[in-house]
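Colleague: For reference, the structure I am asking about is given below.
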Amino acid sequence: MITVRSVSKSYGNIDALKNVSFNIEKGEIYGILGPNGAGKSTIVNILNTLVKPDTGDVIIDGVNIKNDGETIKLIMGVVPQEIALYEELSAYENLMFWGGLYDIPKPELKISVQKTLEIVDLAYRKNDRIKTFSGGMKRRINIACSLLHNPRILVLDEPTVGVDPQNRNHIFEVIERLNNEGMTIIYTTHYMEEAERFCDKIAIIDAGQIVAQGTLKELRQISNVTDQLTIKLADADNETIARITSENPLFMFDSTTGTLKVECGNIGHDTPIILNQIQNSGGVIERIYTQGTNLESVYLKLTGKELRD
Amino acid sequence: MFKLFKKDLILFLHDHRSVILTFLLPVLLITLFAFAYGSIGAYDGRSEPVKLLVCDLDGTKSSKEIIHELDSLEDIITTVSDPIISKELVIKGEYAGALIIYKGFQDSVENGNSTPVELVYDRSREMEIGILQHNLISTLMSSTGEIIVKKSIEKYLQGLFPAINPAITDNIVKTTMKEDNKLSITYTSVVGEKNDTKLGLIQAVAGTAIMMLLFSVAAVGTSILEEKENGTINRLLYSPLKGSTILYSKMLFAFFISILQLTVMFLFAWIILKMDMSVSIAGLIMLIVATSFAVSSLGIFLASVAKTRQQAHNLSTIIILVMSAIGGSMIPLFIMPPILQKMALLSVNYWGIQGFYDLFWRALPLEEILPKILVLICIGVLMTSASIQLFKKRIIKS
């Protein structure tokens with residue numbers, strides 16, 4: 001559905017994107033994960049033909065964006081990072097305005113507006129001015145405005161920034177519903193749990209470069225991140241700790257926390273074996289902490305930094 | 001308390017707009033007004049010479065002498081013309097007044113009768129007319145006044161005592177010379193007499209309307225930057241709309257608001273302030289449209305020069321106030337020194353206000369106002385072209 005090949009873009013001396021390539025299949029939810037300023041919005045703007053890449057090609061639904069930007073705009077809906085609405089207009093007026101830009105006949109547009117309001121569960125507030133809406137409600141109308149022309153591809157640029165958990169769930173439900181109806185979705189975020197929750201594939205982007213991409217399973221393999229077991233021992237003296245670590249060289253003692261840390265390939269399988277080894281070496285286990293491999297640890301491993309720093 | 005004071009001071013200094021509005025703008029306006037009232041600079045309170053048309057229908061030695069003396073004055077430059085053309089030129093505002101010396105002038109002087117001299121003038125050019133009046137009376141008095149008085153007394157005495165000794169007549173003349181004379185100038189205002197419009201009302205309506213129009217239109221221009229900042233411009237660009245369409249629609253809106261605002265202002269002046277509207281309707285419509293075009297383009301241009309909404313706001317406030325001050329919106333142009341009157345040509349206010357003066361005060365037909373309308377259209381075209389380039393660079397491509 002979407003092919004991005006060796007795309008680069010610079011603004012003066014700043015390289016916003018460096019040789020970025022990826023493929024998105026029809027009906028996929030493709031997550032682009034990275035910190036602010038990593039290049040996510042530049043990708044969005046290139047996909048929507050707003051920004052021309054310096055080099056590389058972007059093919060969307062068989063159309064090269066260089067040749068036919070108008071067609072791309074008709075098959076794609078973009079939900080911008082900002083709440084790009086007219087606060088003094090009602091939700092209905094905003095939707096009629098934004099939908100009207102696509103030359104949809106008025107009767108059809110009215111039906112589309114009503115349907116979209118129902119999708120984002122705000123039909124009951126349609127006549128209220130946007131300025132009276134909560135931040136989360138505005139975000140939902142922000143999404144609704146991009147659905148009116150019935151796009152085949154929906155690009156969401158950080159759609160949940162500053163949204164409370166309840167509205168965030170509403171947004172997730174909308175995205176999942178649209179995807180179930182066959183819409184291809186590109187989702188940029190710097191929230192790991194969002195990317196992990198519903199993205200079929202994830203690209204990790206840092207400083208304008210895609211560091212890694214694939215399914216979460218593939219990313220785990222690429223990053224070589226393992227599960228970790230942390231064990232707190234009860235009344236362990238130095239002699240006991242020295243014995244445990246000498247008999248089990250893979251066990252690392254963290255003197256600052258007073259815990260033993262063990263990396264393991266499969267936490268479910270390996271935990272009983274490790275606990276048995278500690279007890280055999282004379283250790284008494286007080287508490288166990290497990291940490292499975294998640295996107296956060298993958299990201300940390302691949303980029304060497306915390307995403308939320 | 002000092003910490004709070006210090007905090008407020010730091011916040012104030014960081015707010016460049018407040019600093020500019022507090023210090024720079026008043027300084028600029030004070031400087032301008034000081035110039036206008038003639039208190040500073042090289043201007044010594046003297047005006048440039050007043051241009052006076054003279055029509056000598058008498059063609060005698062006395063009339064030529066008067067014209068020669070007037071021409072030798074520092075404050076007056078004379079141009080010879082005929083009465084009909086002279087009146088037209090005064091009505092069009094090209095000259096402040098015209099002096100017509102009618103046939104029989106020399107005879108009147110010699111016979112001690114009232115002199116047939118008329119000054120046709122434009123009431124709106126109060127200062128220039130004051131200078132003319134002062135100089136005309138002095139000149140006529142010095143060159144003809146004595147003869148007129150002498151002849152007048154001699155004629156009177158001859159009537160009473162036909163055999164009177166000329167020496168006695170001379171004595172009487174010398175003692176009474178300053179007590180009676182028949183020197184007379186007829187003053188005829190030829191501008192603004194066709195209708196009931198008051199000069200001050202035209203100044204107030206046209207001057208204020210154009211200044212306020214600039215503020216409204218600058219706000220429309222600034223809204224482009226506001227839309228850029230809140231993301232709606234980008235969202236519009238995500239749609240099939242072209243960038244230029246977005247800009248043209250803003251310009252169209254600014255143009256429409258300008259026309260509407262000016263129309264409402266003149267309707268208010270007509271209905272409430274009883275401004276006489278018996279003028280060329282075609283001229284009025286064209287002038288409103290041309291002024292609206294020039295002003296709306298300028299408003300959009302000011303917004304296109306700025307990078308942020310705040311910057312646009314500051315810039316437009318300063319430019320509009322300064323332009324309104326020199327362009328005649330705040331102070332009538334005739335009280336300004338010559339240099340500022342020349343600088344006024346650079347402001348859109350000047351061309352608009354003078355156009356409305358031509359229409360309402362001078363009651364000129366459309367063809368006479370066309371040059372000012374053309375200047376306004378040229379300003380609009382220039383500003384629009386510059387705005388398009390700047391917006392493409394700063395708003396659409398950034």
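A note on labels: chains of the structure tokens are A, B, ... as shown, every chain counts residues from 1, and ligands are counted from 1 in their shown order.
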Please find the residues of chain B near chain A - the criterion being any atom within 8 Å, counting only C-alpha atoms - and write them as a ChimeraX atom specification.
Modeller: /B:230-232,235,237-241,397
Colleague: Kindly save the residues from that selection, with all heavy atoms included, as a PDB file, in the first residue's frame.
Modeller:
```pdb
ATOM      1  N   ASN B 230      -1.814  27.607  15.141  1.00  0.00           N
ATOM      2  CA  ASN B 230      -2.685  26.581  15.740  1.00  0.00           C
ATOM      3  C   ASN B 230      -2.893  25.374  14.830  1.00  0.00           C
ATOM      4  O   ASN B 230      -3.637  24.449  15.184  1.00  0.00           O
ATOM      5  CB  ASN B 230      -4.022  27.177  16.213  1.00  0.00           C
ATOM      6  CG  ASN B 230      -4.903  27.631  15.066  1.00  0.00           C
ATOM      7  OD1 ASN B 230      -4.765  27.164  13.936  1.00  0.00           O
ATOM      8  ND2 ASN B 230      -5.809  28.540  15.345  1.00  0.00           N
ATOM      9  N   GLY B 231      -2.244  25.365  13.680  1.00  0.00           N
ATOM     10  CA  GLY B 231      -2.217  24.160  12.848  1.00  0.00           C
ATOM     11  C   GLY B 231      -3.289  24.085  11.775  1.00  0.00           C
ATOM     12  O   GLY B 231      -3.287  23.165  10.962  1.00  0.00           O
ATOM     13  N   THR B 232      -4.218  25.052  11.752  1.00  0.00           N
ATOM     14  CA  THR B 232      -5.287  24.935  10.749  1.00  0.00           C
ATOM     15  C   THR B 232      -4.787  25.189   9.323  1.00  0.00           C
ATOM     16  O   THR B 232      -5.323  24.614   8.377  1.00  0.00           O
ATOM     17  CB  THR B 232      -6.476  25.878  11.077  1.00  0.00           C
ATOM     18  OG1 THR B 232      -5.979  27.151  11.436  1.00  0.00           O
ATOM     19  CG2 THR B 232      -7.308  25.334  12.199  1.00  0.00           C
ATOM     20  N   ARG B 235      -3.525  21.965   8.167  1.00  0.00           N
ATOM     21  CA  ARG B 235      -4.639  21.058   7.890  1.00  0.00           C
ATOM     22  C   ARG B 235      -5.298  21.417   6.547  1.00  0.00           C
ATOM     23  O   ARG B 235      -5.700  20.536   5.798  1.00  0.00           O
ATOM     24  CB  ARG B 235      -5.653  21.122   9.021  1.00  0.00           C
ATOM     25  CG  ARG B 235      -6.799  20.204   8.797  1.00  0.00           C
ATOM     26  CD  ARG B 235      -7.624  19.948  10.035  1.00  0.00           C
ATOM     27  NE  ARG B 235      -7.887  18.531  10.128  1.00  0.00           N
ATOM     28  CZ  ARG B 235      -8.192  17.900  11.224  1.00  0.00           C
ATOM     29  NH1 ARG B 235      -8.234  18.555  12.363  1.00  0.00           N
ATOM     30  NH2 ARG B 235      -8.423  16.606  11.231  1.00  0.00           N
ATOM     31  N   LEU B 237      -3.715  22.670   4.107  1.00  0.00           N
ATOM     32  CA  LEU B 237      -2.777  22.206   3.078  1.00  0.00           C
ATOM     33  C   LEU B 237      -2.841  20.689   2.900  1.00  0.00           C
ATOM     34  O   LEU B 237      -2.462  20.169   1.853  1.00  0.00           O
ATOM     35  CB  LEU B 237      -1.353  22.647   3.432  1.00  0.00           C
ATOM     36  CG  LEU B 237      -1.103  24.155   3.343  1.00  0.00           C
ATOM     37  CD1 LEU B 237       0.227  24.519   3.978  1.00  0.00           C
ATOM     38  CD2 LEU B 237      -1.149  24.641   1.904  1.00  0.00           C
ATOM     39  N   TYR B 238      -3.303  19.961   3.930  1.00  0.00           N
ATOM     40  CA  TYR B 238      -3.478  18.506   3.784  1.00  0.00           C
ATOM     41  C   TYR B 238      -4.637  18.196   2.833  1.00  0.00           C
ATOM     42  O   TYR B 238      -4.718  17.124   2.274  1.00  0.00           O
ATOM     43  CB  TYR B 238      -3.794  17.855   5.135  1.00  0.00           C
ATOM     44  CG  TYR B 238      -2.653  17.846   6.137  1.00  0.00           C
ATOM     45  CD1 TYR B 238      -2.911  17.947   7.499  1.00  0.00           C
ATOM     46  CD2 TYR B 238      -1.346  17.690   5.731  1.00  0.00           C
ATOM     47  CE1 TYR B 238      -1.886  17.921   8.432  1.00  0.00           C
ATOM     48  CE2 TYR B 238      -0.318  17.673   6.645  1.00  0.00           C
ATOM     49  CZ  TYR B 238      -0.582  17.784   8.004  1.00  0.00           C
ATOM     50  OH  TYR B 238       0.427  17.762   8.908  1.00  0.00           O
ATOM     51  N   SER B 239      -5.548  19.162   2.701  1.00  0.00           N
ATOM     52  CA  SER B 239      -6.721  18.955   1.832  1.00  0.00           C
ATOM     53  C   SER B 239      -6.305  19.254   0.386  1.00  0.00           C
ATOM     54  O   SER B 239      -5.195  19.722   0.150  1.00  0.00           O
ATOM     55  CB  SER B 239      -7.838  19.902   2.265  1.00  0.00           C
ATOM     56  OG  SER B 239      -7.586  21.201   1.772  1.00  0.00           O
ATOM     57  N   PRO B 240      -7.201  19.022  -0.571  1.00  0.00           N
ATOM     58  CA  PRO B 240      -6.808  19.289  -1.976  1.00  0.00           C
ATOM     59  C   PRO B 240      -6.600  20.774  -2.304  1.00  0.00           C
ATOM     60  O   PRO B 240      -6.244  21.099  -3.431  1.00  0.00           O
ATOM     61  CB  PRO B 240      -7.987  18.724  -2.780  1.00  0.00           C
ATOM     62  CG  PRO B 240      -8.686  17.792  -1.873  1.00  0.00           C
ATOM     63  CD  PRO B 240      -8.499  18.319  -0.495  1.00  0.00           C
ATOM     64  N   LEU B 241      -6.830  21.662  -1.349  1.00  0.00           N
ATOM     65  CA  LEU B 241      -6.639  23.096  -1.618  1.00  0.00           C
ATOM     66  C   LEU B 241      -5.179  23.406  -1.930  1.00  0.00           C
ATOM     67  O   LEU B 241      -4.283  22.783  -1.369  1.00  0.00           O
ATOM     68  CB  LEU B 241      -7.030  23.925  -0.390  1.00  0.00           C
ATOM     69  CG  LEU B 241      -8.502  24.139  -0.075  1.00  0.00           C
ATOM     70  CD1 LEU B 241      -8.617  25.017   1.157  1.00  0.00           C
ATOM     71  CD2 LEU B 241      -9.212  24.793  -1.243  1.00  0.00           C
ATOM     72  N   LYS B 397       5.675  27.104   2.729  1.00  0.00           N
ATOM     73  CA  LYS B 397       6.808  26.176   2.601  1.00  0.00           C
ATOM     74  C   LYS B 397       7.513  25.897   3.917  1.00  0.00           C
ATOM     75  O   LYS B 397       8.307  24.983   4.008  1.00  0.00           O
ATOM     76  CB  LYS B 397       7.809  26.730   1.587  1.00  0.00           C
ATOM     77  CG  LYS B 397       7.278  26.608   0.169  1.00  0.00           C
ATOM     78  CD  LYS B 397       8.306  27.015  -0.840  1.00  0.00           C
ATOM     79  CE  LYS B 397       7.736  26.869  -2.243  1.00  0.00           C
ATOM     80  NZ  LYS B 397       8.562  27.491  -3.253  1.00  0.00           N
TER      81      LYS B 397
END
```
Colleague: Would you pick out the contacts of A:Tyr191 at 10 Å or less, using only C-alpha atoms, so that residues sharing its chain but fewer than 6 positions from it are not included, and give the list as a PyMOL selection string?
Modeller: chain A and resi 33-35+158+160-161+295-296+307-308
Colleague: I need the residues from that last selection saved to file as a CSV table (one decimal), in the first residue's frame (with N, CA, C and O atoms), if you can.
Modeller:
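What follows is the written file selection_35.csv:
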```csv
chain,number,residue,atom,x,y,z
A,33,LEU,N,7.6,5.2,16.1
A,33,LEU,CA,7.9,5.5,17.5
A,33,LEU,C,9.2,6.2,17.6
A,33,LEU,O,10.3,5.8,17.1
A,34,GLY,N,9.2,7.3,18.3
A,34,GLY,CA,10.4,8.1,18.5
A,34,GLY,C,10.2,9.3,19.3
A,34,GLY,O,9.0,9.7,19.5
A,35,PRO,N,11.2,9.9,19.9
A,35,PRO,CA,11.1,11.1,20.7
A,35,PRO,C,10.7,12.3,19.9
A,35,PRO,O,10.7,12.3,18.6
A,158,GLU,N,0.6,11.7,16.6
A,158,GLU,CA,0.5,11.8,18.0
A,158,GLU,C,-0.9,12.3,18.5
A,158,GLU,O,-1.1,13.3,19.0
A,160,THR,N,-2.8,11.4,20.8
A,160,THR,CA,-3.3,11.3,22.2
A,160,THR,C,-2.5,12.2,23.2
A,160,THR,O,-2.6,12.0,24.4
A,161,VAL,N,-1.8,13.1,22.6
A,161,VAL,CA,-1.0,14.0,23.5
A,161,VAL,C,-1.9,14.8,24.4
A,161,VAL,O,-2.8,15.5,23.9
A,295,LEU,N,8.6,-3.1,24.6
A,295,LEU,CA,9.1,-2.1,23.7
A,295,LEU,C,10.0,-1.1,24.3
A,295,LEU,O,11.0,-0.7,23.7
A,296,GLU,N,9.8,-0.8,25.6
A,296,GLU,CA,10.6,0.2,26.3
A,296,GLU,C,12.1,-0.4,26.4
A,296,GLU,O,13.0,0.3,26.1
A,307,LEU,N,13.0,6.8,26.1
A,307,LEU,CA,12.2,7.5,25.2
A,307,LEU,C,11.6,8.8,25.9
A,307,LEU,O,11.4,9.8,25.3
A,308,ARG,N,11.3,8.7,27.1
A,308,ARG,CA,10.6,9.8,27.8
A,308,ARG,C,11.6,10.8,28.4
A,308,ARG,O,11.1,11.7,29.1
```
Colleague: Any idea what's packed within 9 Å of B:Tyr350, counting only C-alpha atoms, ignoring anything in its chain fewer than 2 positions away? Could you give it as a ChimeraX atom specification?
Modeller: /B:207,323-324,326-329,333,344-348,352-355
Colleague: I want to know what sits within 12 Å of A:Thr290, based on only C-alpha atoms, with residues of the same chain fewer than 5 positions away left out; could you give that as a list in words?
Modeller: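 Answer for this query is Thr226, Asp227, Gln228, Leu229, Thr230, Ile231, Lys232, Leu260, Lys261, Val262, Glu263, Cys264, Asn266, Ile267, Gly268, Asp270 and Thr271 of chain A.
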Colleague: Quick one: residues within 12 Å of A:Leu89, only C-alpha atoms, excluding same-chain residues fewer than 3 positions away - as a list in words?
Modeller: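 Answer for this query is Leu85, Tyr86, Tyr92, Glu93, Asn94, Leu95, Met96, Phe97, Trp98, Lys126, Asn127, Asp128, Arg129, Ile130, Lys131, Thr132 and Phe133 of chain A.
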Colleague: What does the file look like for those residues with N, CA, C and O atoms, as a PDB file, in the first residue's frame?
Modeller:
```pdb
ATOM      1  N   LEU A  85      -8.635  22.986  14.787  1.00  0.00           N
ATOM      2  CA  LEU A  85     -10.075  23.208  14.632  1.00  0.00           C
ATOM      3  C   LEU A  85     -10.357  24.680  14.862  1.00  0.00           C
ATOM      4  O   LEU A  85      -9.544  25.379  15.463  1.00  0.00           O
ATOM      5  N   TYR A  86     -11.521  25.125  14.409  1.00  0.00           N
ATOM      6  CA  TYR A  86     -11.933  26.505  14.675  1.00  0.00           C
ATOM      7  C   TYR A  86     -12.785  26.521  15.946  1.00  0.00           C
ATOM      8  O   TYR A  86     -13.907  26.019  15.957  1.00  0.00           O
ATOM      9  N   TYR A  92     -20.260  20.461  14.517  1.00  0.00           N
ATOM     10  CA  TYR A  92     -20.926  20.218  13.231  1.00  0.00           C
ATOM     11  C   TYR A  92     -20.387  21.173  12.165  1.00  0.00           C
ATOM     12  O   TYR A  92     -20.058  20.758  11.054  1.00  0.00           O
ATOM     13  N   GLU A  93     -20.283  22.449  12.518  1.00  0.00           N
ATOM     14  CA  GLU A  93     -19.794  23.446  11.548  1.00  0.00           C
ATOM     15  C   GLU A  93     -18.354  23.143  11.135  1.00  0.00           C
ATOM     16  O   GLU A  93     -17.986  23.272   9.967  1.00  0.00           O
ATOM     17  N   ASN A  94     -17.536  22.742  12.109  1.00  0.00           N
ATOM     18  CA  ASN A  94     -16.153  22.379  11.787  1.00  0.00           C
ATOM     19  C   ASN A  94     -16.129  21.215  10.801  1.00  0.00           C
ATOM     20  O   ASN A  94     -15.421  21.259   9.795  1.00  0.00           O
ATOM     21  N   LEU A  95     -16.921  20.180  11.107  1.00  0.00           N
ATOM     22  CA  LEU A  95     -16.918  19.000  10.236  1.00  0.00           C
ATOM     23  C   LEU A  95     -17.432  19.338   8.837  1.00  0.00           C
ATOM     24  O   LEU A  95     -16.869  18.882   7.834  1.00  0.00           O
ATOM     25  N   MET A  96     -18.474  20.150   8.777  1.00  0.00           N
ATOM     26  CA  MET A  96     -19.011  20.540   7.460  1.00  0.00           C
ATOM     27  C   MET A  96     -17.959  21.338   6.679  1.00  0.00           C
ATOM     28  O   MET A  96     -17.815  21.173   5.469  1.00  0.00           O
ATOM     29  N   PHE A  97     -17.232  22.200   7.394  1.00  0.00           N
ATOM     30  CA  PHE A  97     -16.205  23.004   6.716  1.00  0.00           C
ATOM     31  C   PHE A  97     -15.085  22.109   6.181  1.00  0.00           C
ATOM     32  O   PHE A  97     -14.732  22.172   4.996  1.00  0.00           O
ATOM     33  N   TRP A  98     -14.518  21.286   7.077  1.00  0.00           N
ATOM     34  CA  TRP A  98     -13.351  20.486   6.659  1.00  0.00           C
ATOM     35  C   TRP A  98     -13.740  19.464   5.591  1.00  0.00           C
ATOM     36  O   TRP A  98     -12.986  19.221   4.647  1.00  0.00           O
ATOM     37  N   LYS A 126     -22.862  17.873  19.006  1.00  0.00           N
ATOM     38  CA  LYS A 126     -22.523  18.391  17.671  1.00  0.00           C
ATOM     39  C   LYS A 126     -22.784  19.896  17.507  1.00  0.00           C
ATOM     40  O   LYS A 126     -22.115  20.559  16.739  1.00  0.00           O
ATOM     41  N   ASN A 127     -23.734  20.419  18.239  1.00  0.00           N
ATOM     42  CA  ASN A 127     -24.045  21.846  18.072  1.00  0.00           C
ATOM     43  C   ASN A 127     -23.296  22.750  19.049  1.00  0.00           C
ATOM     44  O   ASN A 127     -23.503  23.967  19.045  1.00  0.00           O
ATOM     45  N   ASP A 128     -22.457  22.165  19.871  1.00  0.00           N
ATOM     46  CA  ASP A 128     -21.698  22.970  20.836  1.00  0.00           C
ATOM     47  C   ASP A 128     -20.403  23.464  20.196  1.00  0.00           C
ATOM     48  O   ASP A 128     -19.810  22.792  19.355  1.00  0.00           O
ATOM     49  N   ARG A 129     -20.022  24.657  20.614  1.00  0.00           N
ATOM     50  CA  ARG A 129     -18.770  25.210  20.079  1.00  0.00           C
ATOM     51  C   ARG A 129     -17.572  24.397  20.594  1.00  0.00           C
ATOM     52  O   ARG A 129     -17.574  23.952  21.741  1.00  0.00           O
ATOM     53  N   ILE A 130     -16.562  24.288  19.765  1.00  0.00           N
ATOM     54  CA  ILE A 130     -15.382  23.502  20.103  1.00  0.00           C
ATOM     55  C   ILE A 130     -14.713  24.025  21.383  1.00  0.00           C
ATOM     56  O   ILE A 130     -14.198  23.257  22.186  1.00  0.00           O
ATOM     57  N   LYS A 131     -14.794  25.332  21.572  1.00  0.00           N
ATOM     58  CA  LYS A 131     -14.104  25.900  22.732  1.00  0.00           C
ATOM     59  C   LYS A 131     -14.714  25.421  24.056  1.00  0.00           C
ATOM     60  O   LYS A 131     -14.083  25.553  25.101  1.00  0.00           O
ATOM     61  N   THR A 132     -15.912  24.844  24.001  1.00  0.00           N
ATOM     62  CA  THR A 132     -16.525  24.345  25.234  1.00  0.00           C
ATOM     63  C   THR A 132     -16.167  22.878  25.483  1.00  0.00           C
ATOM     64  O   THR A 132     -16.565  22.308  26.492  1.00  0.00           O
ATOM     65  N   PHE A 133     -15.417  22.270  24.558  1.00  0.00           N
ATOM     66  CA  PHE A 133     -15.080  20.849  24.670  1.00  0.00           C
ATOM     67  C   PHE A 133     -13.844  20.647  25.554  1.00  0.00           C
ATOM     68  O   PHE A 133     -12.983  21.532  25.649  1.00  0.00           O
TER      69      PHE A 133
END
```
Colleague: Using only C-alpha atoms, which residues sit within 9 Å of B:Leu201 once same-chain residues fewer than 5 positions away are excluded, as a short mmCIF file (atom, residue, chain, number, x, y, z; two decimals) with C-alpha atoms, in the first residue's frame?
Modeller:
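Dumped everything to around.cif:
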```cif
data_model
loop_
_atom_site.label_atom_id
_atom_site.label_comp_id
_atom_site.auth_asym_id
_atom_site.auth_seq_id
_atom_site.Cartn_x
_atom_site.Cartn_y
_atom_site.Cartn_z
CA ALA B 206 -12.06 59.90 5.96
CA ALA B 269 -21.62 59.76 8.41
CA LEU B 273 -23.65 62.97 11.05
CA MET B 275 -22.67 64.36 5.74
#
```
Colleague: DSSP on the backbone, strand (DSSP E or B) only: what residues of stretch 34-195 of chain A does that give? Format it as a VMD selection string.
Modeller: chain A and resid 55 to 60 63 to 64 76 to 79 90 129 153 to 157 184 to 189
Colleague: I'd like the contact shell of B:Thr139 - 8 Å cut-off, only C-alpha atoms, skipping same-chain residues fewer than 4 positions apart - returned as a PDB file with N, CA, C and O atoms, in the first residue's frame.
Modeller:
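Output (around31.pdb):
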```pdb
ATOM      1  N   ILE B  66       1.446  95.715  -9.175  1.00  0.00           N
ATOM      2  CA  ILE B  66       0.963  94.880  -8.048  1.00  0.00           C
ATOM      3  C   ILE B  66       1.498  93.461  -8.196  1.00  0.00           C
ATOM      4  O   ILE B  66       2.043  92.864  -7.255  1.00  0.00           O
ATOM      5  N   GLU B  69       5.172  93.194  -7.527  1.00  0.00           N
ATOM      6  CA  GLU B  69       5.494  93.264  -6.093  1.00  0.00           C
ATOM      7  C   GLU B  69       5.136  91.972  -5.368  1.00  0.00           C
ATOM      8  O   GLU B  69       5.863  91.509  -4.486  1.00  0.00           O
ATOM      9  N   LEU B  70       4.019  91.410  -5.766  1.00  0.00           N
ATOM     10  CA  LEU B  70       3.619  90.129  -5.143  1.00  0.00           C
ATOM     11  C   LEU B  70       4.655  89.045  -5.444  1.00  0.00           C
ATOM     12  O   LEU B  70       5.037  88.259  -4.584  1.00  0.00           O
ATOM     13  N   ASN B 135      -0.141  89.149   2.914  1.00  0.00           N
ATOM     14  CA  ASN B 135       0.750  89.713   1.911  1.00  0.00           C
ATOM     15  C   ASN B 135       0.022  90.583   0.886  1.00  0.00           C
ATOM     16  O   ASN B 135       0.547  91.609   0.437  1.00  0.00           O
ATOM     17  N   SER B 143       1.453  99.925  -2.490  1.00  0.00           N
ATOM     18  CA  SER B 143       1.579 100.411  -3.857  1.00  0.00           C
ATOM     19  C   SER B 143       0.405 101.274  -4.318  1.00  0.00           C
ATOM     20  O   SER B 143       0.580 102.186  -5.104  1.00  0.00           O
TER      21      SER B 143
END
```
Colleague: So, with only C-alpha atoms as the atoms that count, which of B:Asn171, B:Ser63, B:Thr78, B:Ser124 lies closest to B:Gly93?
Modeller: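 Looking only at the distances to B:Gly93, the closest residue turns out to be B:Ser124.
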Colleague: When DSSP is applied to the backbone of this structure, which of stretch 101-348 of chain B are assigned helix (DSSP H, G or I)? Write them out as a ChimeraX atom specification.
Modeller: /B:105-111,126-160,166-176,199-230,232-238,243-271,281-305,309-327,333-335,338-346,348
